[in-house]
Amino acid sequence: MLDKDGHIRIIDLGLAQDGVTSSNKTSGVTGTHCYMAPEVFVGMEYDTAVDWWSLGIVVSRMSSGRSPFYYGPIRKEAYKSITRAKPYIPSWLDADVQHLIKELLCQNPDMRLGVYENIRHHPFFNSIVWEELEERRAQPPYIPFRAALEYKHLQWPKDTTPLHPVAGFSYMSPSLAR
């Protein structure tokens with residue numbers, strides 16, 4: 001998602017497990033099956049390495065237009081593809097993107113990029129000055145169209161009371177609302 005200034009905000013509207021860290025593992029099959037890491041499918045305890053796997057799926061889909069594994073409604077096919085097949089990474093992708101996807105989709109969670117090595121050191125991200133990005137000093141490559149951000153078509157008329165199932169509820173973490 002982009003904020004009003006064009007800076008990227010990472011969100012997850014499909015929260016499956018809360019409180020998972022590298023030292024606090026969990027188990028259970030939850031989440032969107034086409035994004036699940038192999039260790040989730042086979043019933044192992046897992047940690048944050050599953051998020052790096054999912055990022056690999058997202059990067060692959062964004063860069064090539066398709067998933068590196070079976071992508072469809074049949075869970076059994078996704079299971080077979082993710083646990084047994086090598087990811088399909090198009091040869092026409094930039095070499096750094098290919099390598100990034102391959103490292104994120106490593107079958108061994110302990111050797112997955114993001115777990116064994118800081119993802120910021122990957123050559124794909126060489127042009128990023130992380131401190132400038134974190135401090136919002138970097139110029140975003142795209143600035144959203146201001147009129148689209150006003151959401152006038154989504155606003156309730158002033159003389160009606162909006163119906164909301166959980167008043168005051170927000171998906172935004174206070175730490176992201178800088």
# chains A, B, ... in the order shown; residues from 1 in each chain; ligands from 1
>>> residues_around(residues="Gly28 in chain A", least_positions_apart="5", cutoff="12 Å", atoms="only C-alpha atoms", output="MDAnalysis selection string")
chainID A and resid 16:17 36:37 39:47
>>> select_by_dssp(residues="range 88-118 of chain A", states="alpha helix (DSSP H)", output="list of chain:residue names")
A:Ala95, A:Asp96, A:Val97, A:Gln98, A:His99, A:Leu100, A:Ile101, A:Lys102, A:Glu103, A:Leu104
>>> closest_residue(among="A:Ala78, A:Ile143, A:Ile119, A:Val97", to="Tyr35 in chain A", atoms="only C-alpha atoms")
A:Ala78
>>> closest_atom_pairs(of="range 42-63 of chain A", to="range 98-105 of chain A", cutoff="12 Å", atoms="only C-alpha atoms", output="JSON lines")
{"residue": "A:Ala49", "atom": "CA", "partner": "A:Leu104", "partner_atom": "CA", "distance": 9.0}
{"residue": "A:Val50", "atom": "CA", "partner": "A:Leu104", "partner_atom": "CA", "distance": 9.6}
{"residue": "A:Asp51", "atom": "CA", "partner": "A:Leu104", "partner_atom": "CA", "distance": 9.4}
{"residue": "A:Trp52", "atom": "CA", "partner": "A:Leu104", "partner_atom": "CA", "distance": 5.8}
{"residue": "A:Trp53", "atom": "CA", "partner": "A:Leu105", "partner_atom": "CA", "distance": 5.3}
{"residue": "A:Ser54", "atom": "CA", "partner": "A:Leu104", "partner_atom": "CA", "distance": 8.2}
{"residue": "A:Leu55", "atom": "CA", "partner": "A:Leu104", "partner_atom": "CA", "distance": 7.2}
{"residue": "A:Gly56", "atom": "CA", "partner": "A:Leu104", "partner_atom": "CA", "distance": 4.9}
{"residue": "A:Ile57", "atom": "CA", "partner": "A:Leu105", "partner_atom": "CA", "distance": 7.6}
{"residue": "A:Val58", "atom": "CA", "partner": "A:Ile101", "partner_atom": "CA", "distance": 9.2}
{"residue": "A:Val59", "atom": "CA", "partner": "A:Ile101", "partner_atom": "CA", "distance": 6.8}
{"residue": "A:Ser60", "atom": "CA", "partner": "A:Ile101", "partner_atom": "CA", "distance": 6.3}
{"residue": "A:Arg61", "atom": "CA", "partner": "A:Ile101", "partner_atom": "CA", "distance": 10.0}
{"residue": "A:Met62", "atom": "CA", "partner": "A:Ile101", "partner_atom": "CA", "distance": 11.0}
{"residue": "A:Ser63", "atom": "CA", "partner": "A:Gln98", "partner_atom": "CA", "distance": 9.5}
>>> closest_residue(among="A:Asp3, A:Asn126, A:Pro38, A:Arg120", to="Cys106 in chain A", atoms="only C-alpha atoms")
A:Pro38
>>> closest_residue(among="A:Pro90, A:Ser127, A:Thr48, A:Met1", to="Pro109 in chain A", atoms="only C-alpha atoms")
A:Thr48
>>> residues_around(residues="Gly6 in chain A", least_positions_apart="2", cutoff="7 Å", atoms="only C-alpha atoms", output="VMD selection string")
chain A and resid 2 to 4 8 140 142 to 144
>>> atom_distance(atom1="CA of Ile10 in chain A", atom2="CA of Asp94 in chain A")
23.7 Å
>>> residues_around(residues="Pro73 in chain A", least_positions_apart="5", cutoff="12 Å", atoms="only C-alpha atoms", output="list of chain:residue names")
A:Thr32, A:His33, A:Cys34, A:Ala78, A:Tyr79
>>> write_last_selection(atoms="C-alpha atoms", output="mmCIF file, in the first residue's frame")
data_model
loop_
_atom_site.group_PDB
_atom_site.id
_atom_site.type_symbol
_atom_site.label_atom_id
_atom_site.label_comp_id
_atom_site.auth_asym_id
_atom_site.auth_seq_id
_atom_site.Cartn_x
_atom_site.Cartn_y
_atom_site.Cartn_z
ATOM 1 C CA THR A 32 -3.700 -18.481 2.012
ATOM 2 C CA HIS A 33 -2.510 -21.843 0.696
ATOM 3 C CA CYS A 34 -0.749 -20.507 -2.420
ATOM 4 C CA ALA A 78 -0.669 -26.277 -4.079
ATOM 5 C CA TYR A 79 0.646 -28.692 -1.437
#
